[in-house]
file coords.txt (compact mmCIF, C-alpha atoms and all ligand atoms)
# COMPACT_ATOMS: atom_id res chain seq x y z
CA MET V 932 16.99 -13.81 -21.39
CA ASP V 933 14.42 -11.07 -20.90
CA MET V 934 14.46 -10.17 -17.19
CA LEU V 935 11.24 -9.81 -15.19
CA ASN V 936 11.40 -6.50 -13.31
CA ILE V 937 9.76 -6.50 -9.87
CA ALA V 938 9.14 -3.28 -7.89
CA LEU V 939 9.05 -3.80 -4.14
CA PRO V 940 7.93 -1.15 -1.63
CA LYS V 941 10.98 0.04 0.30
CA GLY V 942 10.70 -0.47 4.08
CA ARG V 943 9.40 -3.01 6.56
CA LEU V 944 6.51 -4.19 4.39
CA GLY V 945 8.86 -4.61 1.41
CA GLU V 946 11.13 -6.86 3.43
CA LYS V 947 8.18 -9.08 4.38
CA VAL V 948 7.04 -9.12 0.77
CA TYR V 949 10.54 -10.11 -0.40
CA SER V 950 10.55 -12.98 2.15
CA MET V 951 7.34 -14.22 0.56
CA PHE V 952 8.93 -14.17 -2.92
CA GLU V 953 11.93 -16.00 -1.48
CA ALA V 954 9.78 -18.66 0.19
CA ALA V 955 7.95 -19.12 -3.12
CA GLY V 956 11.29 -19.87 -4.84
CA PHE V 957 11.96 -16.45 -6.38
CA GLU V 958 15.00 -15.54 -4.34
CA CYS V 959 17.74 -13.02 -4.84
CA PRO V 960 20.15 -13.37 -1.89
CA ALA V 961 22.11 -10.18 -2.72
CA ILE V 962 19.10 -8.15 -1.60
CA LYS V 963 19.80 -9.06 2.02
CA GLN V 964 23.24 -7.44 2.09
CA GLU V 965 23.33 -4.19 4.02
CA ASN V 966 23.95 -1.53 1.43
CA ARG V 967 22.22 1.28 -0.40
CA LYS V 968 21.88 -0.44 -3.72
CA LEU V 969 18.39 -0.28 -5.18
CA THR V 970 18.46 -3.08 -7.78
CA PHE V 971 19.23 -6.77 -7.35
CA GLU V 972 19.33 -9.50 -9.96
CA ASN V 973 19.13 -13.26 -10.03
CA ASP V 974 20.31 -14.07 -13.56
CA SER V 975 19.56 -17.77 -13.36
CA LEU V 976 15.90 -17.10 -12.46
CA GLY V 977 15.70 -14.11 -14.80
CA ILE V 978 14.36 -11.74 -12.17
CA ARG V 979 15.40 -8.26 -11.04
CA PHE V 980 14.04 -6.70 -7.85
CA PHE V 981 14.22 -3.02 -7.08
CA TRP V 982 13.25 -0.92 -4.07
CA VAL V 983 10.81 1.88 -4.77
CA LYS V 984 9.06 4.38 -2.49
CA PRO V 985 5.81 2.53 -1.64
CA SER V 986 3.56 5.19 -3.16
CA ASP V 987 5.57 5.09 -6.42
CA VAL V 988 5.29 1.32 -7.12
CA SER V 989 2.12 1.68 -9.18
CA ILE V 990 3.75 4.42 -11.32
CA TYR V 991 6.64 2.10 -12.24
CA VAL V 992 4.22 -0.73 -13.00
CA GLU V 993 1.69 1.34 -14.93
CA ARG V 994 4.44 2.72 -17.19
CA GLY V 995 6.13 -0.66 -17.65
CA ALA V 996 9.44 0.19 -15.93
CA ALA V 997 8.46 -2.69 -13.66
CA ASP V 998 6.55 -5.71 -15.01
CA ILE V 999 5.02 -6.45 -11.62
CA GLY V 1000 5.11 -4.90 -8.16
CA VAL V 1001 3.51 -4.79 -4.76
CA ALA V 1002 1.39 -1.78 -3.86
CA GLY V 1003 -1.01 -0.94 -1.05
CA LYS V 1004 -4.71 -0.98 -1.88
CA ASP V 1005 -4.81 2.62 -0.56
CA ILE V 1006 -2.56 3.75 -3.43
CA LEU V 1007 -4.59 1.75 -5.98
CA LEU V 1008 -7.83 3.34 -4.75
CA GLU V 1009 -6.35 6.83 -4.61
CA TYR V 1010 -4.57 6.93 -7.97
CA LYS V 1011 -6.47 4.26 -9.91
CA PRO V 1012 -3.43 3.24 -11.99
CA ASP V 1013 -4.17 1.28 -15.16
CA VAL V 1014 -2.68 -2.04 -13.95
CA TYR V 1015 -3.93 -5.56 -13.29
CA GLU V 1016 -4.52 -6.34 -9.62
CA LEU V 1017 -3.51 -10.00 -9.40
CA LEU V 1018 -3.39 -11.11 -5.79
CA ASP V 1019 -4.17 -9.95 -2.25
CA LEU V 1020 -1.00 -10.75 -0.27
CA ASP V 1021 -2.90 -10.47 3.03
CA MET V 1022 -0.09 -8.45 4.61
CA GLY V 1023 0.43 -4.77 5.37
CA LYS V 1024 -3.09 -4.80 6.71
CA CYS V 1025 -4.55 -1.51 7.94
CA LYS V 1026 -7.51 0.74 7.16
CA VAL V 1027 -8.23 4.20 5.84
CA ALA V 1028 -10.41 5.97 8.40
CA VAL V 1029 -11.72 9.36 9.43
CA ALA V 1030 -10.28 10.52 12.75
CA ALA V 1031 -10.89 13.59 14.86
CA PRO V 1032 -10.05 15.08 18.26
CA LYS V 1033 -12.04 13.46 21.08
CA ASP V 1034 -14.24 16.55 21.59
CA PHE V 1035 -15.05 16.96 17.86
CA ARG V 1036 -18.66 17.91 16.97
CA ASP V 1037 -19.51 18.24 13.28
CA ASN V 1038 -21.10 21.56 12.27
CA PRO V 1039 -23.26 20.67 9.24
CA LYS V 1040 -23.73 24.35 8.37
CA ARG V 1041 -20.24 24.65 6.91
CA ALA V 1042 -17.88 22.55 4.78
CA LEU V 1043 -15.93 20.02 6.81
CA LYS V 1044 -12.16 20.68 6.64
CA VAL V 1045 -10.45 17.35 5.88
CA ALA V 1046 -6.64 17.01 5.96
CA THR V 1047 -5.32 14.02 4.04
CA LYS V 1048 -2.92 12.62 1.50
CA PHE V 1049 -5.82 10.58 0.10
CA GLY V 1050 -7.84 13.35 -1.53
CA ASN V 1051 -9.69 11.08 -3.95
CA ILE V 1052 -10.62 8.47 -1.33
CA ALA V 1053 -11.83 11.26 0.99
CA LYS V 1054 -13.85 12.96 -1.81
CA ALA V 1055 -15.51 9.68 -2.83
CA HIS V 1056 -16.36 8.87 0.78
CA TYR V 1057 -17.95 12.23 1.58
CA ALA V 1058 -19.72 12.37 -1.80
CA SER V 1059 -21.34 9.03 -0.92
CA VAL V 1060 -22.77 10.51 2.29
CA GLY V 1061 -23.57 13.90 0.73
CA ARG V 1062 -21.31 15.97 3.01
CA GLU V 1063 -19.62 19.07 1.61
CA ILE V 1064 -15.87 19.11 2.34
CA ASP V 1065 -12.81 21.27 1.90
CA ILE V 1066 -9.72 19.09 1.27
CA ILE V 1067 -6.39 20.20 2.71
CA HIS V 1068 -3.74 18.14 0.97
CA LEU V 1069 -0.78 17.20 3.19
CA ASN V 1070 2.10 14.79 2.56
CA GLY V 1071 2.68 13.37 6.05
CA SER V 1072 2.21 13.86 9.81
CA ILE V 1073 -1.47 14.33 8.99
CA GLU V 1074 -2.40 13.92 12.67
CA LEU V 1075 -1.01 17.40 13.36
CA ALA V 1076 -3.66 19.16 11.29
CA PRO V 1077 -6.66 18.98 13.67
CA ILE V 1078 -4.39 19.54 16.69
CA LEU V 1079 -3.27 22.88 15.25
CA GLY V 1080 -6.71 23.82 13.92
CA LEU V 1081 -5.68 23.39 10.27
CA SER V 1082 -8.52 20.92 9.75
CA ASP V 1083 -11.58 19.50 11.56
CA VAL V 1084 -10.80 15.85 10.80
CA ILE V 1085 -8.23 13.72 8.98
CA VAL V 1086 -8.58 10.84 6.54
CA ASP V 1087 -5.54 8.64 7.03
CA ILE V 1088 -4.08 5.19 7.42
CA VAL V 1089 -4.67 3.57 10.82
CA GLU V 1090 -2.68 0.46 11.59
CA THR V 1091 -2.27 -0.06 15.33
CA GLY V 1092 -4.06 3.19 16.26
CA ARG V 1093 -1.07 4.27 18.32
CA THR V 1094 -0.37 7.50 16.40
CA LEU V 1095 -3.99 8.61 16.89
CA ARG V 1096 -4.02 7.69 20.58
CA GLU V 1097 -0.78 9.46 21.35
CA ASN V 1098 -2.08 12.62 19.69
CA GLY V 1099 -5.50 12.72 21.34
CA LEU V 1100 -7.41 11.65 18.23
CA GLU V 1101 -9.89 8.81 17.67
CA VAL V 1102 -11.44 7.02 14.70
CA ILE V 1103 -14.95 8.29 14.01
CA GLU V 1104 -15.60 6.34 10.80
CA ASP V 1105 -13.92 3.48 8.94
CA ILE V 1106 -13.70 4.00 5.17
CA VAL V 1107 -11.97 0.94 3.70
CA ARG V 1108 -9.78 -2.01 4.66
CA ILE V 1109 -6.32 -2.05 3.06
CA SER V 1110 -3.71 -4.73 2.31
CA ALA V 1111 -0.77 -5.21 -0.06
CA ARG V 1112 -1.62 -6.30 -3.61
CA LEU V 1113 0.46 -7.87 -6.39
CA VAL V 1114 -0.05 -5.78 -9.53
CA ALA V 1115 1.13 -6.17 -13.12
CA ASN V 1116 1.68 -3.96 -16.10
CA LYS V 1117 -1.00 -4.86 -18.65
CA SER V 1118 1.26 -5.47 -21.63
CA SER V 1119 3.91 -7.26 -19.50
CA TYR V 1120 1.21 -9.67 -18.40
CA LYS V 1121 0.40 -10.37 -22.04
CA PHE V 1122 4.01 -11.03 -23.06
CA LYS V 1123 5.38 -12.62 -19.88
CA THR V 1124 2.26 -14.54 -18.84
CA ASP V 1125 4.01 -17.82 -17.95
CA MET V 1126 6.55 -16.26 -15.62
CA ILE V 1127 4.00 -13.95 -13.97
CA ASP V 1128 1.52 -16.82 -13.54
CA ARG V 1129 4.22 -18.91 -11.86
CA ILE V 1130 4.84 -16.05 -9.44
CA ILE V 1131 1.10 -15.62 -8.72
CA GLU V 1132 0.80 -19.35 -8.08
CA GLY V 1133 3.87 -19.44 -5.80
CA LEU V 1134 2.80 -16.40 -3.80
CA ALA V 1135 -0.82 -17.59 -3.52
CA LYS V 1136 0.47 -20.80 -1.91
CA GLU V 1137 2.52 -18.76 0.58
CA VAL V 1138 -0.51 -16.56 1.38
CA ALA V 1139 -2.63 -19.66 2.05
CA LEU V 1140 0.11 -21.17 4.19
CA ALA V 1141 0.53 -17.97 6.24
CA SER V 1142 -3.22 -17.75 6.82
CA LYS V 1143 -3.37 -21.42 7.89
CA THR V 1144 -0.47 -20.92 10.32
CA LYS V 1145 -2.16 -17.82 11.74
CA LYS V 1146 -5.43 -19.71 12.30
CA GLU V 1147 -3.62 -22.57 14.03
CA GLN V 1148 -2.01 -20.09 16.41
CA ILE V 1149 -5.40 -18.69 17.50
C1 LIG Z 1 1.14 6.18 8.74
C2 LIG Z 1 -0.15 6.95 8.91
C3 LIG Z 1 -0.20 7.18 10.39
C4 LIG Z 1 0.49 5.95 10.96
C5 LIG Z 1 -0.56 4.98 11.47
O1 LIG Z 1 2.17 7.09 8.71
O2 LIG Z 1 -0.14 8.14 8.14
O3 LIG Z 1 0.50 8.36 10.74
O4 LIG Z 1 1.22 5.34 9.89
O5 LIG Z 1 0.01 3.89 12.13
P1 LIG Z 1 -0.46 3.44 13.59
O6 LIG Z 1 -1.98 3.35 13.56
O7 LIG Z 1 0.16 2.08 13.76
O8 LIG Z 1 0.04 4.44 14.56
P2 LIG Z 1 3.55 6.84 8.00
O9 LIG Z 1 4.44 6.08 8.91
O10 LIG Z 1 3.31 6.24 6.65
O11 LIG Z 1 4.11 8.33 7.89
P3 LIG Z 1 3.48 9.68 7.35
O12 LIG Z 1 3.45 10.59 8.53
O13 LIG Z 1 4.45 10.10 6.31
O14 LIG Z 1 2.10 9.44 6.79

call {"tool": "encode", "arguments": {"input": "coords.txt", "output": "structure tokens", "more": "lines below"}}
Ligand code: PRP
result
Amino acid sequence: MDMLNIALPKGRLGEKVYSMFEAAGFECPAIKQENRKLTFENDSLGIRFFWVKPSDVSIYVERGAADIGVAGKDILLEYKPDVYELLDLDMGKCKVAVAAPKDFRDNPKRALKVATKFGNIAKAHYASVGREIDIIHLNGSIELAPILGLSDVIVDIVETGRTLRENGLEVIEDIVRISARLVANKSSYKFKTDMIDRIIEGLAKEVALASKTKKEQI
């Protein structure tokens, strides 16, 4: 049987995403064993999961190494991979925002120095408000940049806001809300439609159930 390859984002979000697949009936118990293996198969269901660095999921899916996968909307907006976005999983929720030191005052006479790993999202945002910027591309610990005078502001992911708070920064503008999305390779979707549709349907039910449970708890 032709296996369906599923790329999951390695880490805490990926574990939650896997639990959702499991609850929807697409389980692969071997994945829960503590080891460093990266691929796991359930031959009877015809599925193979593998752990991928979260920002790489859309590369695997776009090129067809994975038929489907779960990627953050931030990555989809930043890299615009040529994939189908099938379902909002309503998890991994956060936002991309502009943050700055508490005493920051913008000087409109010069380009704003923006440190970020989301260069395209930042460019699109500042183009929409007509502000000239100078992008400083970093790969992590973005919050350091304004503290050390490398940049004026940062454009980064804010989840709880704790990293900003503990580094004396604050959000000055929200750019876009983010959550995890199920994506598919375009030709895989054409040739494995039935299987992928069953997964969408199963996960959509779990998303609805989780949202209902959340509402009942409020
Ligand atoms: C992300 C982001 C912030 C932090 C926000 O970093 O870049 O640093 O999470 O979360 P909080 O609002 O809950 O504090 P990540 O852990 O992905 O590491 P990074 O430094 O490599 O970006």

call {"tool": "closest_residue", "arguments": {"input": "coords.txt", "among": "V:Glu1016, V:Phe952, V:Ile1106, V:Ala961", "to": "Tyr1120 in chain V", "atoms": "only C-alpha atoms"}}
result
V:Glu1016

call {"tool": "residues_near_ligand", "arguments": {"input": "coords.txt", "ligand": "ligand LIG 1 (chain Z)", "cutoff": "10 Å", "atoms": "all atoms listed in the file", "output": "ChimeraX atom specification"}}
result
/V:985-986,1025-1027,1047-1048,1069-1075,1085-1098

call {"tool": "atom_distance", "arguments": {"input": "coords.txt", "atom1": "CA of Ser1142 in chain V", "atom2": "CA of Asp1021 in chain V"}}
result
8.2 Å

call {"tool": "residues_around", "arguments": {"input": "coords.txt", "residues": "Ala1042 in chain V", "least_positions_apart": "4", "cutoff": "6 Å", "atoms": "all atoms listed in the file", "output": "VMD selection string"}}
result
chain V and resid 1063 to 1065

call {"tool": "closest_residue", "arguments": {"input": "coords.txt", "among": "V:Val1060, V:Ile1149, V:Ala1115, V:Ile1109", "to": "Ala1028 in chain V", "atoms": "all atoms listed in the file"}}
result
V:Ile1109

call {"tool": "closest_residue", "arguments": {"input": "coords.txt", "among": "V:Asp1105, V:Asp974, V:Glu946, V:Asp1083", "to": "Pro1032 in chain V", "atoms": "only C-alpha atoms"}}
result
V:Asp1083

call {"tool": "residues_near_point", "arguments": {"input": "coords.txt", "point": "(19.2, -9.1, -0.2)", "cutoff": "12 Å", "atoms": "all atoms listed in the file", "output": "list in words"}}
result
Gly945, Glu946, Lys947, Tyr949, Ser950, Phe952, Glu953, Glu958, Cys959, Pro960, Ala961, Ile962, Lys963, Gln964, Glu965, Asn966, Arg967, Lys968, Leu969, Thr970, Phe971, Glu972, Asn973, Arg979, Phe980, Phe981 and Trp982 of chain V

call {"tool": "residues_around", "arguments": {"input": "coords.txt", "residues": "Leu1113 in chain V", "least_positions_apart": "3", "cutoff": "7 Å", "atoms": "only C-alpha atoms", "output": "short mmCIF file (atom, residue, chain, number, x, y, z; two decimals) with C-alpha atoms, keeping the file's coordinate frame"}}
result
data_model
loop_
_atom_site.label_atom_id
_atom_site.label_comp_id
_atom_site.auth_asym_id
_atom_site.auth_seq_id
_atom_site.Cartn_x
_atom_site.Cartn_y
_atom_site.Cartn_z
CA GLY V 1000 5.11 -4.90 -8.16
CA VAL V 1001 3.51 -4.79 -4.76
CA ALA V 1002 1.39 -1.78 -3.86
CA GLU V 1016 -4.52 -6.34 -9.62
CA LEU V 1017 -3.51 -10.00 -9.40
CA LEU V 1018 -3.39 -11.11 -5.79
CA ASP V 1019 -4.17 -9.95 -2.25
CA LEU V 1020 -1.00 -10.75 -0.27
#

call {"tool": "decode", "arguments": {"input": "coords.txt", "residues": "range 1093-1108 of chain V", "atoms": "all heavy atoms", "output": "CSV table (one decimal), in the first residue's frame"}}
result
chain,number,residue,atom,x,y,z
V,1093,ARG,N,5.7,36.6,28.1
V,1093,ARG,CA,6.7,36.5,29.2
V,1093,ARG,C,8.1,36.9,28.7
V,1093,ARG,O,8.8,37.7,29.4
V,1093,ARG,CB,6.7,35.1,29.7
V,1093,ARG,CG,7.6,34.9,30.9
V,1093,ARG,CD,7.4,33.6,31.6
V,1093,ARG,NE,8.5,33.5,32.5
V,1093,ARG,CZ,8.9,32.4,33.1
V,1093,ARG,NH1,8.2,31.3,32.8
V,1093,ARG,NH2,9.9,32.3,34.0
V,1094,THR,N,8.5,36.5,27.5
V,1094,THR,CA,9.9,36.8,27.1
V,1094,THR,C,10.1,38.3,26.9
V,1094,THR,O,11.1,38.9,27.3
V,1094,THR,CB,10.2,36.1,25.7
V,1094,THR,OG1,9.8,34.7,25.8
V,1094,THR,CG2,11.7,36.2,25.3
V,1095,LEU,N,9.0,39.0,26.4
V,1095,LEU,CA,9.1,40.4,26.3
V,1095,LEU,C,9.2,41.1,27.6
V,1095,LEU,O,10.1,41.9,27.9
V,1095,LEU,CB,7.9,41.0,25.6
V,1095,LEU,CG,7.7,40.6,24.1
V,1095,LEU,CD1,6.4,41.2,23.5
V,1095,LEU,CD2,8.9,41.0,23.3
V,1096,ARG,N,8.3,40.7,28.5
V,1096,ARG,CA,8.2,41.3,29.9
V,1096,ARG,C,9.6,41.1,30.6
V,1096,ARG,O,10.1,42.1,31.2
V,1096,ARG,CB,7.2,40.6,30.7
V,1096,ARG,CG,6.0,41.4,30.9
V,1096,ARG,CD,5.0,40.8,31.9
V,1096,ARG,NE,4.9,39.4,32.1
V,1096,ARG,CZ,4.1,38.6,31.3
V,1096,ARG,NH1,3.4,39.1,30.4
V,1096,ARG,NH2,4.1,37.3,31.5
V,1097,GLU,N,10.1,39.9,30.5
V,1097,GLU,CA,11.4,39.7,31.3
V,1097,GLU,C,12.6,40.4,30.7
V,1097,GLU,O,13.7,40.3,31.2
V,1097,GLU,CB,11.6,38.2,31.5
V,1097,GLU,CG,10.5,37.6,32.3
V,1097,GLU,CD,10.7,36.2,32.8
V,1097,GLU,OE1,11.7,35.6,32.4
V,1097,GLU,OE2,9.8,35.6,33.4
V,1098,ASN,N,12.4,40.9,29.5
V,1098,ASN,CA,13.5,41.6,28.8
V,1098,ASN,C,13.2,43.1,28.6
V,1098,ASN,O,13.9,43.8,27.8
V,1098,ASN,CB,13.9,41.0,27.5
V,1098,ASN,CG,14.5,39.6,27.8
V,1098,ASN,OD1,15.7,39.5,28.2
V,1098,ASN,ND2,13.8,38.5,27.5
V,1099,GLY,N,12.2,43.6,29.4
V,1099,GLY,CA,11.9,45.1,29.4
V,1099,GLY,C,11.3,45.6,28.1
V,1099,GLY,O,11.5,46.8,27.7
V,1100,LEU,N,10.7,44.7,27.3
V,1100,LEU,CA,10.1,45.1,26.0
V,1100,LEU,C,8.6,45.0,26.2
V,1100,LEU,O,8.0,44.4,27.0
V,1100,LEU,CB,10.5,44.2,24.9
V,1100,LEU,CG,12.0,44.0,24.7
V,1100,LEU,CD1,12.3,43.0,23.6
V,1100,LEU,CD2,12.7,45.3,24.4
V,1101,GLU,N,7.9,45.7,25.2
V,1101,GLU,CA,6.4,45.6,25.2
V,1101,GLU,C,5.9,45.7,23.8
V,1101,GLU,O,6.6,46.2,22.9
V,1101,GLU,CB,5.8,46.8,26.0
V,1101,GLU,CG,6.1,48.1,25.5
V,1101,GLU,CD,5.6,49.3,26.4
V,1101,GLU,OE1,5.1,49.0,27.5
V,1101,GLU,OE2,5.7,50.4,25.9
V,1102,VAL,N,4.7,45.1,23.6
V,1102,VAL,CA,4.1,45.1,22.2
V,1102,VAL,C,3.7,46.5,21.9
V,1102,VAL,O,3.0,47.2,22.7
V,1102,VAL,CB,2.9,44.2,22.2
V,1102,VAL,CG1,2.1,44.4,20.9
V,1102,VAL,CG2,3.3,42.7,22.3
V,1103,ILE,N,4.1,47.0,20.7
V,1103,ILE,CA,3.5,48.3,20.3
V,1103,ILE,C,2.5,48.2,19.2
V,1103,ILE,O,1.8,49.2,18.9
V,1103,ILE,CB,4.7,49.3,20.0
V,1103,ILE,CG1,5.6,48.8,18.9
V,1103,ILE,CG2,5.4,49.7,21.2
V,1103,ILE,CD1,6.6,49.9,18.5
V,1104,GLU,N,2.5,47.1,18.5
V,1104,GLU,CA,1.5,46.9,17.4
V,1104,GLU,C,1.4,45.4,17.2
V,1104,GLU,O,2.4,44.7,17.1
V,1104,GLU,CB,2.2,47.5,16.2
V,1104,GLU,CG,1.4,48.6,15.5
V,1104,GLU,CD,2.2,49.0,14.2
V,1104,GLU,OE1,3.4,49.2,14.3
V,1104,GLU,OE2,1.5,49.2,13.2
V,1105,ASP,N,0.1,45.0,17.0
V,1105,ASP,CA,-0.1,43.6,16.6
V,1105,ASP,C,-0.1,43.5,15.1
V,1105,ASP,O,-0.7,44.4,14.4
V,1105,ASP,CB,-1.5,43.1,17.1
V,1105,ASP,CG,-1.5,42.9,18.6
V,1105,ASP,OD1,-0.5,42.9,19.2
V,1105,ASP,OD2,-2.7,42.8,19.2
V,1106,ILE,N,0.5,42.5,14.5
V,1106,ILE,CA,0.5,42.4,13.1
V,1106,ILE,C,-0.5,41.3,12.6
V,1106,ILE,O,-1.4,41.6,11.8
V,1106,ILE,CB,1.9,42.1,12.5
V,1106,ILE,CG1,2.8,43.2,12.8
V,1106,ILE,CG2,1.8,41.9,11.0
V,1106,ILE,CD1,4.2,43.0,12.3
V,1107,VAL,N,-0.4,40.1,13.1
V,1107,VAL,CA,-1.4,39.0,12.7
V,1107,VAL,C,-1.5,37.9,13.7
V,1107,VAL,O,-0.5,37.6,14.4
V,1107,VAL,CB,-0.9,38.5,11.3
V,1107,VAL,CG1,0.5,37.8,11.3
V,1107,VAL,CG2,-1.9,37.5,10.7
V,1108,ARG,N,-2.7,37.4,13.8
V,1108,ARG,CA,-2.9,36.2,14.7
V,1108,ARG,C,-2.4,34.9,14.0
V,1108,ARG,O,-2.6,34.8,12.8
V,1108,ARG,CB,-4.4,36.0,15.0
V,1108,ARG,CG,-5.0,37.2,15.7
V,1108,ARG,CD,-5.9,36.9,16.8
V,1108,ARG,NE,-5.8,37.9,17.9
V,1108,ARG,CZ,-5.0,37.8,18.9
V,1108,ARG,NH1,-4.3,36.7,19.1
V,1108,ARG,NH2,-4.9,38.8,19.8
